[in-house]
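Here is the structure we will look at.
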Amino acid sequence: MKKIMMRLALTALTLPLFCSLVFAQAQIPKFPDAAASDPVALGWMQGFPPKAERIIRFGDASFYRFPALRWSFSNISQLFPLVPVLRGDGPVTKLPRAERQDLDAVAFTTLDGRKMNWGESLSANYTDGILVLHKGKIVYERYFGAFSPTKKHAAMSVTKSFVGTLAAILTGEGKLDPTAPVTNYVPELKNTAYGDATVRQVMDMTTSVKFSEVYSDPKAEIWDFARASGMMPAAPNYQGPRTTFDFLATLTKKDQHDEAFAYKSVDPEVLAWIMSRATGKSLAELTSERIWAKLGAEHDAFYMVDSIGAAMAGGGLNTSLRDLARFGEMLRLDGYYNGQQIVPRAVVADIRGGADKGKFAKAGYKTLPGFSYRNMWWVSHNEHGVYTARGVHGQLIWIDPKAEMVIVRYASYPIGANAFIDPTSLPAYMALAKHLIGE
């Protein structure tokens, strides 16, 4: 019976969350729209206790079933073990407001030819919260569903861009050598895929690792990684790795490193291990000391952690929306914010400059032509110089230097694949940028 329950839980997790490859050549399946799936209206986890059919748990994977995940992403602290990212004891950096009432009507055409406006795009993408800064001022801020200004939302793979930024900072300071073998820092990985990889190859995800993220395949390596890192429950008879470190030590090489970009959630975990070895500090401590405590954040952030307290570097960060905006604005301002140079200008320039577009193209991202990937940031190389942090289900930091605009969004789109969101979101961002600069 327990095996059957775990299979059911696995099915419930895989269908809504990670099905980009399953649906890549098909129409988007029908889900209840944003209003019909609103977690507050549906009564998820409301009452003392909640109704049995409205209880969400980690142990049965119900936290990742749609529409329950629309509550989960705004309430991760009730489901997972956590480690705080402390904001420090300094004053909060003010975000001036100059809200505009004309932005909802900004019109655009989606990549698949539909007419839409900014306001309509928010519900189309199951937005939980979105904030737009223009020239450092809040011009637009909205919250939906279970999210609010004081809550922390799952950032998913936006986390990777924090990790990559930290690594670039340490590289600039000489604490990390990007040309050095990974094993200089983590000798435990000598007999793994990373045994002959360099730190730079990890930072830009040009390592070649036998690691499948085909989530529809129950035998894919992603599932052992998810169980080892604590991202999903393990069956009672599970015999695999029990920590992220143990799982990384099982990975083997696929092809030659540095030939192509290949997105995989294990690279930031390796990078976080490298940084901790180089500095003697945990990822949560580094994030606090180097970034969060310097921003003038309103709230502590937090990382989800595995069974021994190691932060999930591939997707475990949770923040408030305004604090995420502060981070994005700091980078737009070349790393200078709250009266100090938080990220060196050279690091920001290195991110903006991007990497090899030819290597990125081999990954086949149809909605991101001309992009590259540098320090775990997605770099557009377009006329606005946009670079972005992206996470499944619609998590986003969008930095547009030409328009002096930063967009941060948290969302709970039913499918864990931005390829389904990009046709609406990408033209919406560009339309808003052009509108704000009067084009």
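Starting from 1 in every chain, residues are counted up; chains themselves are A, B, ... following the order of the structure tokens, and ligands are numbered from 1 as listed.
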
Near stretch 338-356 of chain A, 10 Å: stretch 36-132 of chain A residue rows, closest pairs, only C-alpha atoms, as a Markdown table:
```
| residue | atom | partner | partner_atom | distance |
| --- | --- | --- | --- | --- |
| A:Pro91 | CA | A:Asn338 | CA | 9.8 |
| A:Val92 | CA | A:Asn338 | CA | 9.2 |
| A:Thr93 | CA | A:Asn338 | CA | 6.4 |
| A:Lys94 | CA | A:Asn338 | CA | 9.2 |
```

Point to revise | Distance query stretch 249-252 of chain A at most 12 Å, only C-alpha atoms, self and fewer than 3 positions along chain excluded, as a PyMOL selection string | key: chain A and resi 183+186-197+207-212+221-222+224-225+228+240-246+255-256+266-267+269-270+273

Exercise for review: Write out as a PyMOL selection string the residues lying within 9 Å of A:Val305, counting only C-alpha atoms and excluding same-chain residues fewer than 5 positions away.
Suggested key: chain A and resi 80-83+229-231+310-312+316

Dump as a PDB file, in the first residue's frame, selection limited to N, CA and C atoms:
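As written to disk, result.pdb reads:
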```
ATOM      1  N   PHE A  80       8.707  22.947   4.813  1.00  0.00           N
ATOM      2  CA  PHE A  80      10.092  22.502   4.694  1.00  0.00           C
ATOM      3  C   PHE A  80      10.926  22.959   5.883  1.00  0.00           C
ATOM      4  N   PRO A  81      12.010  22.240   6.186  1.00  0.00           N
ATOM      5  CA  PRO A  81      13.016  22.791   7.103  1.00  0.00           C
ATOM      6  C   PRO A  81      13.767  23.922   6.406  1.00  0.00           C
ATOM      7  N   LEU A  82      14.180  24.929   7.178  1.00  0.00           N
ATOM      8  CA  LEU A  82      14.701  26.158   6.600  1.00  0.00           C
ATOM      9  C   LEU A  82      15.936  26.646   7.350  1.00  0.00           C
ATOM     10  N   VAL A  83      16.715  27.490   6.672  1.00  0.00           N
ATOM     11  CA  VAL A  83      17.789  28.224   7.330  1.00  0.00           C
ATOM     12  C   VAL A  83      17.625  29.692   6.930  1.00  0.00           C
ATOM     13  N   SER A 229      17.963  15.771  -1.721  1.00  0.00           N
ATOM     14  CA  SER A 229      18.005  17.167  -1.279  1.00  0.00           C
ATOM     15  C   SER A 229      16.816  17.548  -0.425  1.00  0.00           C
ATOM     16  N   GLY A 230      15.846  16.646  -0.303  1.00  0.00           N
ATOM     17  CA  GLY A 230      14.674  16.931   0.503  1.00  0.00           C
ATOM     18  C   GLY A 230      13.583  17.686  -0.221  1.00  0.00           C
ATOM     19  N   MET A 231      13.682  17.774  -1.543  1.00  0.00           N
ATOM     20  CA  MET A 231      12.671  18.479  -2.315  1.00  0.00           C
ATOM     21  C   MET A 231      11.401  17.661  -2.506  1.00  0.00           C
ATOM     22  N   ALA A 310      21.992  21.593   4.695  1.00  0.00           N
ATOM     23  CA  ALA A 310      22.648  22.237   3.554  1.00  0.00           C
ATOM     24  C   ALA A 310      21.604  22.940   2.689  1.00  0.00           C
ATOM     25  N   ALA A 311      21.817  24.206   2.415  1.00  0.00           N
ATOM     26  CA  ALA A 311      20.862  24.991   1.632  1.00  0.00           C
ATOM     27  C   ALA A 311      20.762  24.458   0.212  1.00  0.00           C
ATOM     28  N   MET A 312      19.562  24.506  -0.345  1.00  0.00           N
ATOM     29  CA  MET A 312      19.315  24.061  -1.713  1.00  0.00           C
ATOM     30  C   MET A 312      19.703  25.180  -2.674  1.00  0.00           C
ATOM     31  N   GLY A 316      16.284  26.802  -3.688  1.00  0.00           N
ATOM     32  CA  GLY A 316      15.713  26.820  -2.358  1.00  0.00           C
ATOM     33  C   GLY A 316      15.478  28.177  -1.729  1.00  0.00           C
TER      34      GLY A 316
END
```

Check your understanding: Residues of stretch 277-390 of chain A in helix (DSSP H, G or I) according to DSSP, as a PyMOL selection string?
Key -> chain A and resi 277-279+283-295+321-332+345-353+357-361

Serialized selection, N, CA and C atoms, as a CSV table (one decimal), in the first residue's frame:
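Output saved as out21.csv:
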```csv
chain,number,residue,atom,x,y,z
A,277,ARG,N,33.7,25.7,0.7
A,277,ARG,CA,35.1,25.2,1.0
A,277,ARG,C,36.1,26.4,0.9
A,278,ALA,N,35.9,27.3,0.0
A,278,ALA,CA,36.8,28.4,-0.2
A,278,ALA,C,36.8,29.4,0.9
A,279,THR,N,35.6,29.5,1.5
A,279,THR,CA,35.4,30.6,2.5
A,279,THR,C,35.2,30.1,3.9
A,283,LEU,N,26.2,28.6,2.5
A,283,LEU,CA,25.6,29.4,1.4
A,283,LEU,C,24.7,30.5,2.1
A,284,ALA,N,24.0,30.2,3.1
A,284,ALA,CA,23.1,31.1,3.8
A,284,ALA,C,23.9,32.3,4.4
A,285,GLU,N,25.0,31.9,5.0
A,285,GLU,CA,25.9,33.0,5.6
A,285,GLU,C,26.5,33.9,4.5
A,286,LEU,N,26.9,33.3,3.4
A,286,LEU,CA,27.5,34.1,2.3
A,286,LEU,C,26.4,35.0,1.7
A,287,THR,N,25.2,34.5,1.5
A,287,THR,CA,24.2,35.3,0.9
A,287,THR,C,23.8,36.5,1.8
A,288,SER,N,23.8,36.2,3.1
A,288,SER,CA,23.5,37.3,4.1
A,288,SER,C,24.6,38.3,4.1
A,289,GLU,N,25.9,37.9,4.3
A,289,GLU,CA,27.0,38.8,4.5
A,289,GLU,C,27.3,39.6,3.3
A,290,ARG,N,27.3,39.0,2.1
A,290,ARG,CA,27.7,39.6,0.9
A,290,ARG,C,26.6,40.4,0.1
A,291,ILE,N,25.3,40.0,0.4
A,291,ILE,CA,24.2,40.6,-0.4
A,291,ILE,C,23.1,41.1,0.6
A,292,TRP,N,22.5,40.2,1.3
A,292,TRP,CA,21.2,40.5,1.9
A,292,TRP,C,21.3,41.6,3.0
A,293,ALA,N,22.3,41.5,3.8
A,293,ALA,CA,22.5,42.4,4.9
A,293,ALA,C,23.0,43.8,4.5
A,294,LYS,N,23.4,43.9,3.2
A,294,LYS,CA,23.8,45.1,2.7
A,294,LYS,C,22.7,45.9,1.9
A,295,LEU,N,21.7,45.2,1.5
A,295,LEU,CA,20.6,45.7,0.7
A,295,LEU,C,19.7,46.7,1.4
A,321,LEU,N,8.7,40.0,-2.2
A,321,LEU,CA,8.8,40.6,-3.5
A,321,LEU,C,9.6,41.9,-3.6
A,322,ARG,N,9.4,42.8,-2.6
A,322,ARG,CA,10.1,44.0,-2.6
A,322,ARG,C,11.6,43.8,-2.4
A,323,ASP,N,12.0,42.9,-1.6
A,323,ASP,CA,13.4,42.6,-1.4
A,323,ASP,C,14.0,42.0,-2.6
A,324,LEU,N,13.3,41.2,-3.3
A,324,LEU,CA,13.8,40.7,-4.6
A,324,LEU,C,14.0,41.9,-5.6
A,325,ALA,N,13.1,42.9,-5.5
A,325,ALA,CA,13.3,44.1,-6.4
A,325,ALA,C,14.5,44.9,-6.0
A,326,ARG,N,14.8,45.0,-4.7
A,326,ARG,CA,16.0,45.7,-4.2
A,326,ARG,C,17.2,45.0,-4.8
A,327,PHE,N,17.3,43.7,-4.8
A,327,PHE,CA,18.4,43.0,-5.4
A,327,PHE,C,18.6,43.3,-6.9
A,328,GLY,N,17.5,43.2,-7.6
A,328,GLY,CA,17.5,43.6,-9.0
A,328,GLY,C,17.9,45.0,-9.3
A,329,GLU,N,17.4,45.9,-8.5
A,329,GLU,CA,17.8,47.3,-8.7
A,329,GLU,C,19.3,47.6,-8.4
A,330,MET,N,19.8,46.9,-7.4
A,330,MET,CA,21.2,47.0,-7.1
A,330,MET,C,22.0,46.6,-8.3
A,331,LEU,N,21.7,45.5,-9.0
A,331,LEU,CA,22.5,45.1,-10.1
A,331,LEU,C,22.3,46.1,-11.3
A,332,ARG,N,21.0,46.6,-11.5
A,332,ARG,CA,20.8,47.6,-12.5
A,332,ARG,C,21.8,48.8,-12.3
A,345,ARG,N,31.5,46.5,-9.8
A,345,ARG,CA,31.1,46.9,-11.1
A,345,ARG,C,31.6,45.9,-12.2
A,346,ALA,N,32.8,45.4,-12.0
A,346,ALA,CA,33.4,44.4,-12.9
A,346,ALA,C,32.6,43.1,-13.0
A,347,VAL,N,32.0,42.7,-11.9
A,347,VAL,CA,31.2,41.5,-11.8
A,347,VAL,C,29.9,41.7,-12.6
A,348,VAL,N,29.3,42.9,-12.4
A,348,VAL,CA,28.0,43.2,-13.1
A,348,VAL,C,28.3,43.2,-14.6
A,349,ALA,N,29.4,43.9,-15.0
A,349,ALA,CA,29.8,44.0,-16.4
A,349,ALA,C,30.0,42.6,-17.0
A,350,ASP,N,30.6,41.7,-16.2
A,350,ASP,CA,30.9,40.4,-16.7
A,350,ASP,C,29.6,39.6,-16.9
A,351,ILE,N,28.6,39.8,-16.1
A,351,ILE,CA,27.3,39.2,-16.2
A,351,ILE,C,26.6,39.7,-17.5
A,352,ARG,N,26.6,41.0,-17.6
A,352,ARG,CA,25.9,41.7,-18.7
A,352,ARG,C,26.5,41.3,-20.1
A,353,GLY,N,27.9,41.1,-20.0
A,353,GLY,CA,28.5,40.7,-21.3
A,353,GLY,C,28.2,39.4,-21.8
A,357,LYS,N,27.3,32.5,-27.3
A,357,LYS,CA,25.9,32.3,-27.8
A,357,LYS,C,25.8,31.0,-28.6
A,358,GLY,N,26.9,30.6,-29.2
A,358,GLY,CA,26.9,29.3,-29.9
A,358,GLY,C,26.7,28.1,-29.0
A,359,LYS,N,27.4,28.1,-27.9
A,359,LYS,CA,27.2,27.0,-26.9
A,359,LYS,C,25.8,27.0,-26.4
A,360,PHE,N,25.2,28.2,-26.1
A,360,PHE,CA,23.9,28.3,-25.6
A,360,PHE,C,22.9,27.7,-26.6
A,361,ALA,N,23.1,28.1,-27.9
A,361,ALA,CA,22.1,27.7,-28.9
A,361,ALA,C,22.0,26.2,-29.0
```

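Proximity to A:Gly43 was assessed for A:Trp398, A:Phe31, A:Trp71, A:Tyr336 counting only C-alpha atoms; the smallest distance is recorded for A:Trp71.
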
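Each of A:Lys366, A:His299, A:Arg54, A:Lys30 was checked against A:Lys151 using only C-alpha atoms; the smallest atom-to-atom distance is that of A:His299.
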
Where does stretch 135-245 of chain A meet stretch 375-397 of chain A within 12 Å, residue by residue, with the nearest atom pair and distance in Å to one decimal for each, counting only C-alpha atoms, listed by chain and rising number, as a Markdown table?
```
| residue | atom | partner | partner_atom | distance |
| --- | --- | --- | --- | --- |
| A:His153 | CA | A:Gln395 | CA | 9.3 |
| A:Ala154 | CA | A:Gln395 | CA | 8.1 |
| A:Ala155 | CA | A:Gln395 | CA | 5.8 |
| A:Met156 | CA | A:Gly391 | CA | 5.0 |
| A:Ser157 | CA | A:Gly391 | CA | 4.0 |
| A:Val158 | CA | A:Gly391 | CA | 5.0 |
| A:Thr159 | CA | A:Gly391 | CA | 7.9 |
| A:Lys160 | CA | A:Met376 | CA | 5.9 |
| A:Ser161 | CA | A:Met376 | CA | 4.9 |
| A:Phe162 | CA | A:Met376 | CA | 8.1 |
| A:Val163 | CA | A:Met376 | CA | 7.6 |
| A:Gly164 | CA | A:Asn375 | CA | 4.6 |
| A:Thr165 | CA | A:Asn375 | CA | 6.3 |
| A:Leu166 | CA | A:Asn375 | CA | 9.0 |
| A:Ala167 | CA | A:Asn375 | CA | 7.6 |
| A:Ala168 | CA | A:Asn375 | CA | 6.7 |
| A:Ile169 | CA | A:Asn375 | CA | 10.2 |
| A:Leu170 | CA | A:Asn375 | CA | 11.8 |
| A:Thr171 | CA | A:Asn375 | CA | 10.7 |
| A:Pro178 | CA | A:Asn375 | CA | 10.9 |
| A:Val199 | CA | A:Asn375 | CA | 10.7 |
| A:Arg200 | CA | A:Asn375 | CA | 8.4 |
| A:Gln201 | CA | A:Asn375 | CA | 9.6 |
| A:Val202 | CA | A:Asn375 | CA | 8.8 |
| A:Met203 | CA | A:Asn375 | CA | 5.1 |
| A:Asp204 | CA | A:Asn375 | CA | 5.4 |
| A:Met205 | CA | A:Met376 | CA | 7.5 |
| A:Thr206 | CA | A:Met376 | CA | 10.8 |
```
